[in-house]
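Peer 1: Can you read through this structure? Questions will come right after.
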Amino acid sequence: MSGYDKTRSQESANFYENTKARIQKIQSHLANSPRGTRLKDKVCIITGVGSLKGIGRASALLFAHEGAKHLYLIDFDPTNLPDLKATVEKLYPDVKVTTLQGDAADETLISGVCEQALREQGKLDVFFANAGIATKDPLESTTSESFMNVMRVNSLSCFLAVRYGSAAMKKVNASRGKTTTGGSIILTASVAGLRSGAGTIDYSASKAAVNSMAKNAAYQLQKTDIRVNSICPGLIETGMTTDTFDYARKRGADAKIGQLNPLGRFGVAEEIAQAALFLASDDSSYINGQNVAVDGGLSSSHPVIPGRWA
Ligand SMILES: NC(=O)c1ccc[n+]([C@@H]2O[C@H](COP(=O)([O-])OP(=O)(O)OC[C@H]3O[C@@H](n4cnc5c(N)ncnc54)[C@H](O)[C@@H]3O)[C@@H](O)[C@H]2O)c1
């Protein structure tokens, strides 16, 4: 190895050590920070909370940390729902938690949970439609069936959140402190929904639909104070991307994960949860109809030849 190569290799080893320390700090943020009030008294629904490393679970914990009143937490897979409920209730005894096993694209379930929130809490403030699935097949082996399934889970679920979530948010209930219509609907899209190169054709199309819904719904709901935005995560280490991360680690290429964005690293669920918290809270009261990329800068640039302008 030449002297130049040795220096480069040492630099990238140092960078990766710093990245790991940075991620550890981000992930220990909740344990090390005092309770907040940014979601005080808010009644929230979150879908796709079942995965232990997922964006939904991280968001449920953060929403509870910030004083949410009642969390309705939904996942198709019931395995980890009891643990999530117990964890939130142990750490935040003042937060009420209801877990529901079911499909986020099931109209009866979604209209039902919105009605349940109205019945039990008299209002709905936040709907975070986060459930989603990824696909792996290239174009030649993508079937109509798999296309429609990913559209159903990823896009229809968001439509139902907008449709029934907004209807519930239009209900006024002065006795519960809701004197005007309003609320925040957050949809998890993806950078794959912004442009090509970050996912399969069916997954990307389903996420582009989600981004479109955020923009359209904002106008459909004008003058109601119901805001609709989508979050476009980049490469995040969650249950969905475990295979990618395991594969890279097995090949000793873990330091290269995320190297295409200007931060030069992958993200973690807690970083997407912080964006969801901001959009859920009144701190983002004038942000509406936006597709917010949380991707380390990945989607901000055309492809770059390292060493030219970057
Ligand atoms: N991880 C990434 O790099 C990444 C990047 C961009 C977007 N996203 C999006 O983020 C969202 C959250 O995914 P994640 O990365 O936390 O993955 P994850 O697989 O860890 O979590 C997704 C959760 O959604 C649940 N789910 C799937 N289908 C469902 C359905 N029909 N009804 C209810 N629950 C269902 C799963 O059981 C799982 O618990 C997804 O919409 C995903 O497309 C993830």
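By order in the structure tokens, chains are A, B, ...; within a chain, residues start at 1; ligands start at 1, following the order shown.
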For Arg227 in chain A, list every protein, DNA or RNA residue within 10 Å, evaluated using only C-alpha atoms, and leave out those in the same chain fewer than 4 positions away; present the list as a list in words.
Peer 2: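 Contacts, with the query itself left out: Val126, Ser166, Gly182, Gly183, Ser184, Ile185, Ile186, Ala214, Lys215, Ala217, Ala218, Tyr219, Leu221, Gln222, Lys223, Leu279, Ala280, Ser284, Ser285, Tyr286, Ile287, Asn288, Gly289 and Gln290 of chain A.
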Peer 1: Residues of range 122-206 of chain A classed as alpha helix (DSSP H) by DSSP on the backbone are to be reported as a ChimeraX atom specification.
Peer 2: /A:144-150,157-169,201-206
Peer 1: Dump as a Markdown table the rows for residues of chain A within 7 Å of ligand 1: closest atom pair and distance in Å with one decimal, only C-alpha atoms and all ligand atoms counted, ordered by chain and rising residue number.
Peer 2:
| residue | atom | partner | partner_atom_place_in_ligand_line | distance |
| --- | --- | --- | --- | --- |
| A:Thr47 | CA | ligand 1 | 33 (C) | 5.9 |
| A:Gly48 | CA | ligand 1 | 24 (O) | 3.4 |
| A:Val49 | CA | ligand 1 | 39 (O) | 5.2 |
| A:Gly50 | CA | ligand 1 | 39 (O) | 3.6 |
| A:Ser51 | CA | ligand 1 | 39 (O) | 3.7 |
| A:Leu52 | CA | ligand 1 | 20 (O) | 6.8 |
| A:Lys53 | CA | ligand 1 | 20 (O) | 5.6 |
| A:Gly54 | CA | ligand 1 | 16 (O) | 3.3 |
| A:Ile55 | CA | ligand 1 | 16 (O) | 3.8 |
| A:Gly56 | CA | ligand 1 | 16 (O) | 5.8 |
| A:Ile74 | CA | ligand 1 | 33 (C) | 6.1 |
| A:Asp75 | CA | ligand 1 | 34 (N) | 3.8 |
| A:Phe76 | CA | ligand 1 | 33 (C) | 3.9 |
| A:Asp77 | CA | ligand 1 | 37 (O) | 4.8 |
| A:Gly102 | CA | ligand 1 | 33 (C) | 5.8 |
| A:Asp103 | CA | ligand 1 | 32 (N) | 3.5 |
| A:Ala104 | CA | ligand 1 | 32 (N) | 3.8 |
| A:Ala105 | CA | ligand 1 | 31 (N) | 5.6 |
| A:Asn130 | CA | ligand 1 | 41 (O) | 4.8 |
| A:Ala131 | CA | ligand 1 | 24 (O) | 4.0 |
| A:Gly132 | CA | ligand 1 | 41 (O) | 3.4 |
| A:Ile133 | CA | ligand 1 | 27 (C) | 5.2 |
| A:Ala134 | CA | ligand 1 | 43 (O) | 6.0 |
| A:Val153 | CA | ligand 1 | 31 (N) | 4.9 |
| A:Asn154 | CA | ligand 1 | 41 (O) | 6.4 |
| A:Thr188 | CA | ligand 1 | 41 (O) | 5.1 |
| A:Ala189 | CA | ligand 1 | 7 (C) | 5.6 |
| A:Ser190 | CA | ligand 1 | 6 (C) | 4.0 |
| A:Val191 | CA | ligand 1 | 6 (C) | 6.2 |
| A:Cys232 | CA | ligand 1 | 6 (C) | 6.1 |
| A:Pro233 | CA | ligand 1 | 6 (C) | 4.2 |
| A:Gly234 | CA | ligand 1 | 5 (C) | 5.0 |
| A:Leu235 | CA | ligand 1 | 3 (O) | 3.8 |
| A:Ile236 | CA | ligand 1 | 3 (O) | 3.7 |
| A:Glu237 | CA | ligand 1 | 1 (N) | 5.6 |
| A:Thr238 | CA | ligand 1 | 20 (O) | 4.4 |
| A:Gly239 | CA | ligand 1 | 20 (O) | 3.4 |
| A:Met240 | CA | ligand 1 | 19 (O) | 3.7 |
| A:Thr241 | CA | ligand 1 | 1 (N) | 5.4 |
| A:Ala269 | CA | ligand 1 | 16 (O) | 6.7 |
Peer 1: Please list as a PyMOL selection string every residue within 12 Å of Arg22 in chain A, counting only C-alpha atoms and excluding residues in the same chain fewer than 6 positions away.
Peer 2: chain A and resi 15-16+28-29+263+265-268+271
Peer 1: From the list A:Pro93, A:Ala58, A:Thr99, A:Gln24, which residue is nearest Tyr72 in chain A when using only C-alpha atoms?
Peer 2: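 With only C-alpha atoms as the atom set, the closest residue is A:Thr99.
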Peer 1: Tell me, in Å to one decimal, how far CA of Asn229 in chain A is from CA of Leu277 in chain A.
Peer 2: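 Calculated distance between CA of Asn229 in chain A and CA of Leu277 in chain A is 12.1 Å.
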Peer 1: For CA of Thr242 in chain A and CA of Leu187 in chain A, quote the distance in Å rounded to one decimal.
Peer 2: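 Pair CA of Thr242 in chain A / CA of Leu187 in chain A returns 22.2 Å.
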Peer 1: Tell me which protein, DNA and RNA residues are within 9 Å of range 89-91 of chain A, counting only C-alpha atoms, leaving out same-chain ones fewer than 4 positions away, and put them as a CSV table (one decimal) with C-alpha atoms, in the first residue's frame.
Peer 2:
chain,number,residue,atom,x,y,z
A,61,LEU,CA,-41.2,6.5,22.4
A,64,ALA,CA,-44.4,9.7,24.7
A,65,HIS,CA,-41.3,11.5,25.9
A,84,LEU,CA,-43.7,-1.5,23.2
A,85,LYS,CA,-46.8,-0.8,25.3
A,95,VAL,CA,-49.1,8.5,28.6
A,96,LYS,CA,-52.1,6.2,27.7
A,97,VAL,CA,-51.2,3.5,25.2
Peer 1: Between CA of Ala161 in chain A and CA of Gln121 in chain A, what is the distance in Å, rounded to a tenth?
Peer 2: 18.0 Å
Peer 1: For Lys69 in chain A, which of A:Ala253, A:Ala129, A:Ile110, A:Ile45 is the closest residue, counting only C-alpha atoms?
Peer 2: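 Once distances to Lys69 in chain A are computed over only C-alpha atoms, the minimum belongs to A:Ile45.
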Peer 1: Let's see if you can do this: from backbone DSSP, list all strand (DSSP E or B) residues in range 91-152 of chain A, as number ranges by chain.
Peer 2: A: 96-101, 126-129
Peer 1: So that I can check the surroundings of range 142-146 of chain A, please list as a count of residues only every protein, DNA and RNA residue that reaches within 12 Å of it, counting only C-alpha atoms and ignoring chain neighbours fewer than 5 positions away.
Peer 2: 14
